[in-house]
$ cat start_38.pdb   # PDB, C-alpha atoms, pLDDT in the B column
ATOM      1  CA  MET A 273      10.361   3.201  22.298  1.00 87.00           C
ATOM      2  CA  ARG A 274       7.786   5.107  20.227  1.00 89.00           C
ATOM      3  CA  LEU A 275       9.982   4.772  17.122  1.00 91.00           C
ATOM      4  CA  LEU A 276      10.323   1.020  17.687  1.00 92.00           C
ATOM      5  CA  CYS A 277       6.545   0.640  17.995  1.00 90.00           C
ATOM      6  CA  ALA A 278       6.028   2.678  14.830  1.00 87.00           C
ATOM      7  CA  LEU A 279       8.554   0.508  12.966  1.00 90.00           C
ATOM      8  CA  VAL A 280       6.855  -2.711  14.111  1.00 91.00           C
ATOM      9  CA  VAL A 281       3.415  -1.478  13.010  1.00 87.00           C
ATOM     10  CA  ALA A 282       4.778  -0.157   9.708  1.00 84.00           C
ATOM     11  CA  GLY A 283       6.658  -3.406   9.057  1.00 88.00           C
ATOM     12  CA  ALA A 284       3.615  -5.575   9.728  1.00 86.00           C
ATOM     13  CA  ALA A 285       1.398  -3.382   7.543  1.00 83.00           C
ATOM     14  CA  ALA A 286       4.007  -3.318   4.771  1.00 85.00           C
ATOM     15  CA  TYR A 287       4.286  -7.121   4.792  1.00 88.00           C
ATOM     16  CA  ALA A 288       0.529  -7.661   4.658  1.00 83.00           C
ATOM     17  CA  SER A 289       0.059  -5.006   1.978  1.00 84.00           C
ATOM     18  CA  TYR A 290       2.881  -6.548  -0.068  1.00 90.00           C
ATOM     19  CA  VAL A 291       1.308 -10.000   0.117  1.00 89.00           C
ATOM     20  CA  HIS A 292      -2.136  -8.691  -0.864  1.00 86.00           C
ATOM     21  CA  GLN A 293      -0.758  -6.739  -3.805  1.00 91.00           C
ATOM     22  CA  TRP A 294       1.419  -9.648  -4.900  1.00 93.00           C
ATOM     23  CA  LEU A 295      -1.628 -11.941  -4.873  1.00 90.00           C
ATOM     24  CA  PHE A 296      -3.645  -9.337  -6.784  1.00 90.00           C
ATOM     25  CA  ALA A 297      -0.951  -9.049  -9.465  1.00 93.00           C
ATOM     26  CA  LEU A 298      -0.721 -12.847  -9.810  1.00 93.00           C
ATOM     27  CA  GLN A 299      -4.500 -13.150 -10.095  1.00 90.00           C
ATOM     28  CA  ALA A 300      -4.455 -10.426 -12.758  1.00 91.00           C
ATOM     29  CA  GLY A 301      -2.076 -12.481 -14.901  1.00 93.00           C
ATOM     30  CA  ALA A 302       1.338 -11.072 -13.992  1.00 94.00           C
ATOM     31  CA  ASP A 303       4.277 -13.469 -13.979  1.00 95.00           C
ATOM     32  CA  ARG A 304       5.953 -14.164 -10.631  1.00 96.00           C
ATOM     33  CA  VAL A 305       8.749 -11.615 -11.104  1.00 96.00           C
ATOM     34  CA  SER A 306       6.381  -8.836 -12.201  1.00 95.00           C
ATOM     35  CA  ALA A 307       3.983  -9.721  -9.379  1.00 95.00           C
ATOM     36  CA  SER A 308       6.887  -9.445  -6.925  1.00 95.00           C
ATOM     37  CA  LEU A 309       7.866  -6.009  -8.232  1.00 95.00           C
ATOM     38  CA  TRP A 310       4.372  -4.561  -8.599  1.00 92.00           C
ATOM     39  CA  PRO A 311       3.770  -3.915  -4.862  1.00 92.00           C
ATOM     40  CA  LEU A 312       7.148  -2.183  -4.646  1.00 92.00           C
ATOM     41  CA  SER A 313       6.133   0.248  -7.383  1.00 92.00           C
ATOM     42  CA  VAL A 314       2.786   1.035  -5.723  1.00 91.00           C
ATOM     43  CA  ASP A 315       4.179   1.407  -2.209  1.00 87.00           C
ATOM     44  CA  GLY A 316       7.294   3.111  -3.586  1.00 88.00           C
ATOM     45  CA  LEU A 317       5.040   5.782  -5.073  1.00 90.00           C
ATOM     46  CA  LEU A 318       3.397   6.206  -1.666  1.00 88.00           C
ATOM     47  CA  LEU A 319       6.772   6.501   0.052  1.00 88.00           C
ATOM     48  CA  LEU A 320       8.087   9.076  -2.422  1.00 90.00           C
ATOM     49  CA  ALA A 321       4.878  11.095  -2.226  1.00 90.00           C
ATOM     50  CA  THR A 322       4.992  11.050   1.571  1.00 88.00           C
ATOM     51  CA  LEU A 323       8.589  12.218   1.567  1.00 89.00           C
ATOM     52  CA  GLY A 324       7.642  14.950  -0.899  1.00 87.00           C
ATOM     53  CA  LEU A 325       4.876  16.162   1.405  1.00 86.00           C
ATOM     54  CA  LEU A 326       7.265  16.259   4.363  1.00 86.00           C
ATOM     55  CA  ARG A 327       9.550  18.719   2.574  1.00 80.00           C
ATOM     56  CA  PRO A 328       9.114  22.368   3.513  1.00 74.00           C
ATOM     57  CA  GLU A 329       6.637  24.309   1.340  1.00 70.00           C
ATOM     58  CA  ASP A 330       9.305  26.690  -0.056  1.00 65.00           C
ATOM     59  CA  ASP A 331      11.327  23.813  -1.583  1.00 60.00           C
ATOM     60  CA  ALA A 332       8.642  22.970  -4.131  1.00 61.00           C
ATOM     61  CA  GLY A 333       6.396  25.047  -6.317  1.00 75.00           C
ATOM     62  CA  HIS A 334       2.607  24.879  -6.354  1.00 74.00           C
ATOM     63  CA  ARG A 335       2.541  22.483  -9.341  1.00 76.00           C
ATOM     64  CA  ALA A 336       5.022  20.135  -7.676  1.00 79.00           C
ATOM     65  CA  ARG A 337       2.961  20.036  -4.465  1.00 83.00           C
ATOM     66  CA  TRP A 338      -0.162  19.287  -6.509  1.00 88.00           C
ATOM     67  CA  ALA A 339       1.663  16.449  -8.297  1.00 89.00           C
ATOM     68  CA  VAL A 340       2.872  15.001  -4.992  1.00 90.00           C
ATOM     69  CA  ARG A 341      -0.635  15.100  -3.482  1.00 91.00           C
ATOM     70  CA  THR A 342      -2.072  13.481  -6.616  1.00 93.00           C
ATOM     71  CA  ALA A 343       0.581  10.748  -6.486  1.00 92.00           C
ATOM     72  CA  LEU A 344      -0.224  10.107  -2.830  1.00 91.00           C
ATOM     73  CA  LEU A 345      -3.968   9.808  -3.486  1.00 93.00           C
ATOM     74  CA  LEU A 346      -3.364   7.575  -6.510  1.00 93.00           C
ATOM     75  CA  GLY A 347      -1.026   5.330  -4.520  1.00 90.00           C
ATOM     76  CA  ILE A 348      -3.520   5.041  -1.655  1.00 89.00           C
ATOM     77  CA  ALA A 349      -6.356   4.199  -4.042  1.00 90.00           C
ATOM     78  CA  VAL A 350      -4.380   1.532  -5.938  1.00 90.00           C
ATOM     79  CA  SER A 351      -2.954  -0.010  -2.769  1.00 87.00           C
ATOM     80  CA  LEU A 352      -6.330  -0.155  -1.058  1.00 87.00           C
ATOM     81  CA  ALA A 353      -8.057  -1.526  -4.178  1.00 88.00           C
ATOM     82  CA  ALA A 354      -5.438  -4.266  -4.594  1.00 86.00           C
ATOM     83  CA  ASN A 355      -5.634  -5.181  -0.908  1.00 82.00           C
ATOM     84  CA  VAL A 356      -9.428  -5.421  -1.002  1.00 86.00           C
ATOM     85  CA  ALA A 357      -9.413  -7.321  -4.300  1.00 85.00           C
ATOM     86  CA  ALA A 358      -7.212  -9.973  -2.669  1.00 81.00           C
ATOM     87  CA  ALA A 359      -9.905 -10.667  -0.034  1.00 81.00           C
ATOM     88  CA  PRO A 360     -10.949 -14.342  -0.166  1.00 82.00           C
ATOM     89  CA  ARG A 361     -14.670 -13.435  -0.162  1.00 84.00           C
ATOM     90  CA  LEU A 362     -16.614 -10.277  -0.878  1.00 83.00           C
ATOM     91  CA  GLU A 363     -18.223 -10.035   2.529  1.00 87.00           C
ATOM     92  CA  TRP A 364     -17.622  -7.212   4.964  1.00 86.00           C
ATOM     93  CA  ARG A 365     -15.261  -9.022   7.361  1.00 87.00           C
ATOM     94  CA  SER A 366     -12.949 -10.321   4.643  1.00 84.00           C
ATOM     95  CA  VAL A 367     -12.910  -6.952   2.887  1.00 84.00           C
ATOM     96  CA  LEU A 368     -12.227  -5.096   6.155  1.00 83.00           C
ATOM     97  CA  VAL A 369      -9.340  -7.383   7.080  1.00 80.00           C
ATOM     98  CA  ALA A 370      -7.851  -7.298   3.569  1.00 78.00           C
ATOM     99  CA  GLY A 371      -8.227  -3.529   3.356  1.00 77.00           C
ATOM    100  CA  TRP A 372      -6.660  -2.883   6.736  1.00 74.00           C
ATOM    101  CA  PRO A 373      -3.316  -4.704   6.962  1.00 60.00           C
ATOM    102  CA  PRO A 374      -1.780  -6.457   8.803  1.00 54.00           C
ATOM    103  CA  ASP A 375      -3.327  -9.824   8.103  1.00 37.00           C
ATOM    104  CA  GLY A 376      -0.850 -12.645   8.622  1.00 41.00           C
ATOM    105  CA  ARG A 377      -3.139 -15.289   7.059  1.00 38.00           C
ATOM    106  CA  SER A 378      -3.697 -13.924   3.594  1.00 40.00           C
ATOM    107  CA  GLY A 379      -1.604 -15.274   0.778  1.00 41.00           C
ATOM    108  CA  VAL A 380       0.816 -17.193   2.968  1.00 37.00           C
ATOM    109  CA  GLY A 381       1.746 -20.440   1.291  1.00 36.00           C
ATOM    110  CA  VAL A 382       0.248 -19.457  -2.065  1.00 36.00           C
TER     111      VAL A 382
END

$ encode --input "start_38.pdb" --output "structure tokens"
Amino acid sequence: MRLLCALVVAGAAAYASYVHQWLFALQAGADRVSASLWPLSVDGLLLLATLGLLRPEDDAGHRARWAVRTALLLGIAVSLAANVAAAPRLEWRSVLVAGWPPDGRSGVGV
């Protein structure tokens, strides 16, 4: 049951984050195909970095662990910035909702 709940939360957050990043890429001038792929590259980096951090310490050297942590922080920063930039208004409620997916309203029907 716990795994199912985690999957539901992760799925909802992934959808909302994808939509925010897709909108951000479109607003930044990307074509529709590039805008569709851009969130996958950002969140893909986060996924790979997370998997890298879950590996036992002895499997990776110090430099590799540093690179994985840097990739994770970079992915978080870019994802959060894109989510917030997709907020409809720069006021605290809109920014909070955009920065903390899920938000089923944003970008739907755009």

$ residues_around --input "start_38.pdb" --residues "region 346-356 of chain A" --least-positions-apart "2" --cutoff "7 Å" --atoms "all atoms listed in the file" --output "PDB file with C-alpha atoms, in the coordinates of the input"
ATOM      1  CA  SER A 289       0.059  -5.006   1.978  1.00 84.00           C
ATOM      2  CA  HIS A 292      -2.136  -8.691  -0.864  1.00 86.00           C
ATOM      3  CA  GLN A 293      -0.758  -6.739  -3.805  1.00 91.00           C
ATOM      4  CA  PHE A 296      -3.645  -9.337  -6.784  1.00 90.00           C
ATOM      5  CA  VAL A 314       2.786   1.035  -5.723  1.00 91.00           C
ATOM      6  CA  ASP A 315       4.179   1.407  -2.209  1.00 87.00           C
ATOM      7  CA  LEU A 317       5.040   5.782  -5.073  1.00 90.00           C
ATOM      8  CA  LEU A 318       3.397   6.206  -1.666  1.00 88.00           C
ATOM      9  CA  THR A 342      -2.072  13.481  -6.616  1.00 93.00           C
ATOM     10  CA  ALA A 343       0.581  10.748  -6.486  1.00 92.00           C
ATOM     11  CA  LEU A 344      -0.224  10.107  -2.830  1.00 91.00           C
ATOM     12  CA  ALA A 358      -7.212  -9.973  -2.669  1.00 81.00           C
ATOM     13  CA  ALA A 359      -9.905 -10.667  -0.034  1.00 81.00           C
ATOM     14  CA  VAL A 367     -12.910  -6.952   2.887  1.00 84.00           C
ATOM     15  CA  ALA A 370      -7.851  -7.298   3.569  1.00 78.00           C
ATOM     16  CA  GLY A 371      -8.227  -3.529   3.356  1.00 77.00           C
TER      17      GLY A 371
END

$ atom_distance --input "start_38.pdb" --atom1 "CA of Ser366 (chain A)" --atom2 "CA of Thr322 (chain A)"
28.1 Å

$ atom_distance --input "start_38.pdb" --atom1 "CA of Gly316 (chain A)" --atom2 "CA of Met273 (chain A)"
26.1 Å

$ atom_distance --input "start_38.pdb" --atom1 "CA of Leu345 (chain A)" --atom2 "CA of Ala321 (chain A)"
9.0 Å

$ resolve_selection --input "start_38.pdb" --expression "the PyMOL selection byres ((chain A and resi 324) around 12)" --output "count of residues only"
25

$ resolve_selection --input "start_38.pdb" --expression "the PyMOL selection byres ((chain A and resi 294) around 12)" --output "PyMOL selection string"
chain A and resi 286-293+295-315+351+354-355+357-358+378-380+382

$ build_atoms --input "start_38.pdb" --residues "region 295-315 of chain A" --atoms "N, CA and C atoms" --output "compact mmCIF listing (two decimals), in the coordinates of the input"
# COMPACT_ATOMS: atom_id res chain seq x y z
N LEU A 295 -0.54 -11.04 -4.48
CA LEU A 295 -1.63 -11.94 -4.87
C LEU A 295 -2.50 -11.32 -5.96
N PHE A 296 -2.83 -10.05 -5.80
CA PHE A 296 -3.64 -9.34 -6.78
C PHE A 296 -2.97 -9.36 -8.16
N ALA A 297 -1.68 -9.06 -8.19
CA ALA A 297 -0.95 -9.05 -9.46
C ALA A 297 -0.91 -10.44 -10.09
N LEU A 298 -0.71 -11.47 -9.28
CA LEU A 298 -0.72 -12.85 -9.81
C LEU A 298 -2.09 -13.20 -10.38
N GLN A 299 -3.14 -12.86 -9.64
CA GLN A 299 -4.50 -13.15 -10.10
C GLN A 299 -4.85 -12.38 -11.36
N ALA A 300 -4.19 -11.24 -11.58
CA ALA A 300 -4.46 -10.43 -12.76
C ALA A 300 -3.63 -10.88 -13.96
N GLY A 301 -2.82 -11.93 -13.78
CA GLY A 301 -2.08 -12.48 -14.90
C GLY A 301 -0.61 -12.12 -14.97
N ALA A 302 -0.09 -11.42 -13.98
CA ALA A 302 1.34 -11.07 -13.99
C ALA A 302 2.17 -12.32 -13.72
N ASP A 303 3.37 -12.37 -14.31
CA ASP A 303 4.28 -13.47 -13.98
C ASP A 303 4.83 -13.24 -12.58
N ARG A 304 5.51 -14.24 -12.03
CA ARG A 304 5.95 -14.16 -10.63
C ARG A 304 6.92 -13.00 -10.36
N VAL A 305 7.81 -12.72 -11.31
CA VAL A 305 8.75 -11.62 -11.10
C VAL A 305 8.01 -10.28 -11.13
N SER A 306 7.15 -10.09 -12.12
CA SER A 306 6.38 -8.84 -12.20
C SER A 306 5.48 -8.68 -10.99
N ALA A 307 4.85 -9.78 -10.56
CA ALA A 307 3.98 -9.72 -9.38
C ALA A 307 4.79 -9.36 -8.14
N SER A 308 6.04 -9.78 -8.07
CA SER A 308 6.89 -9.44 -6.92
C SER A 308 7.31 -7.98 -6.93
N LEU A 309 7.44 -7.41 -8.12
CA LEU A 309 7.87 -6.01 -8.23
C LEU A 309 6.71 -5.02 -8.16
N TRP A 310 5.53 -5.46 -8.53
CA TRP A 310 4.37 -4.56 -8.60
C TRP A 310 4.08 -3.87 -7.26
N PRO A 311 4.03 -4.60 -6.14
CA PRO A 311 3.77 -3.92 -4.86
C PRO A 311 4.84 -2.89 -4.51
N LEU A 312 6.08 -3.15 -4.93
CA LEU A 312 7.15 -2.18 -4.65
C LEU A 312 6.93 -0.88 -5.40
N SER A 313 6.38 -0.97 -6.63
CA SER A 313 6.13 0.25 -7.38
C SER A 313 4.98 1.04 -6.77
N VAL A 314 3.94 0.35 -6.33
CA VAL A 314 2.79 1.03 -5.72
C VAL A 314 3.20 1.66 -4.39
N ASP A 315 3.79 0.88 -3.52
CA ASP A 315 4.18 1.41 -2.21
C ASP A 315 5.36 2.36 -2.32
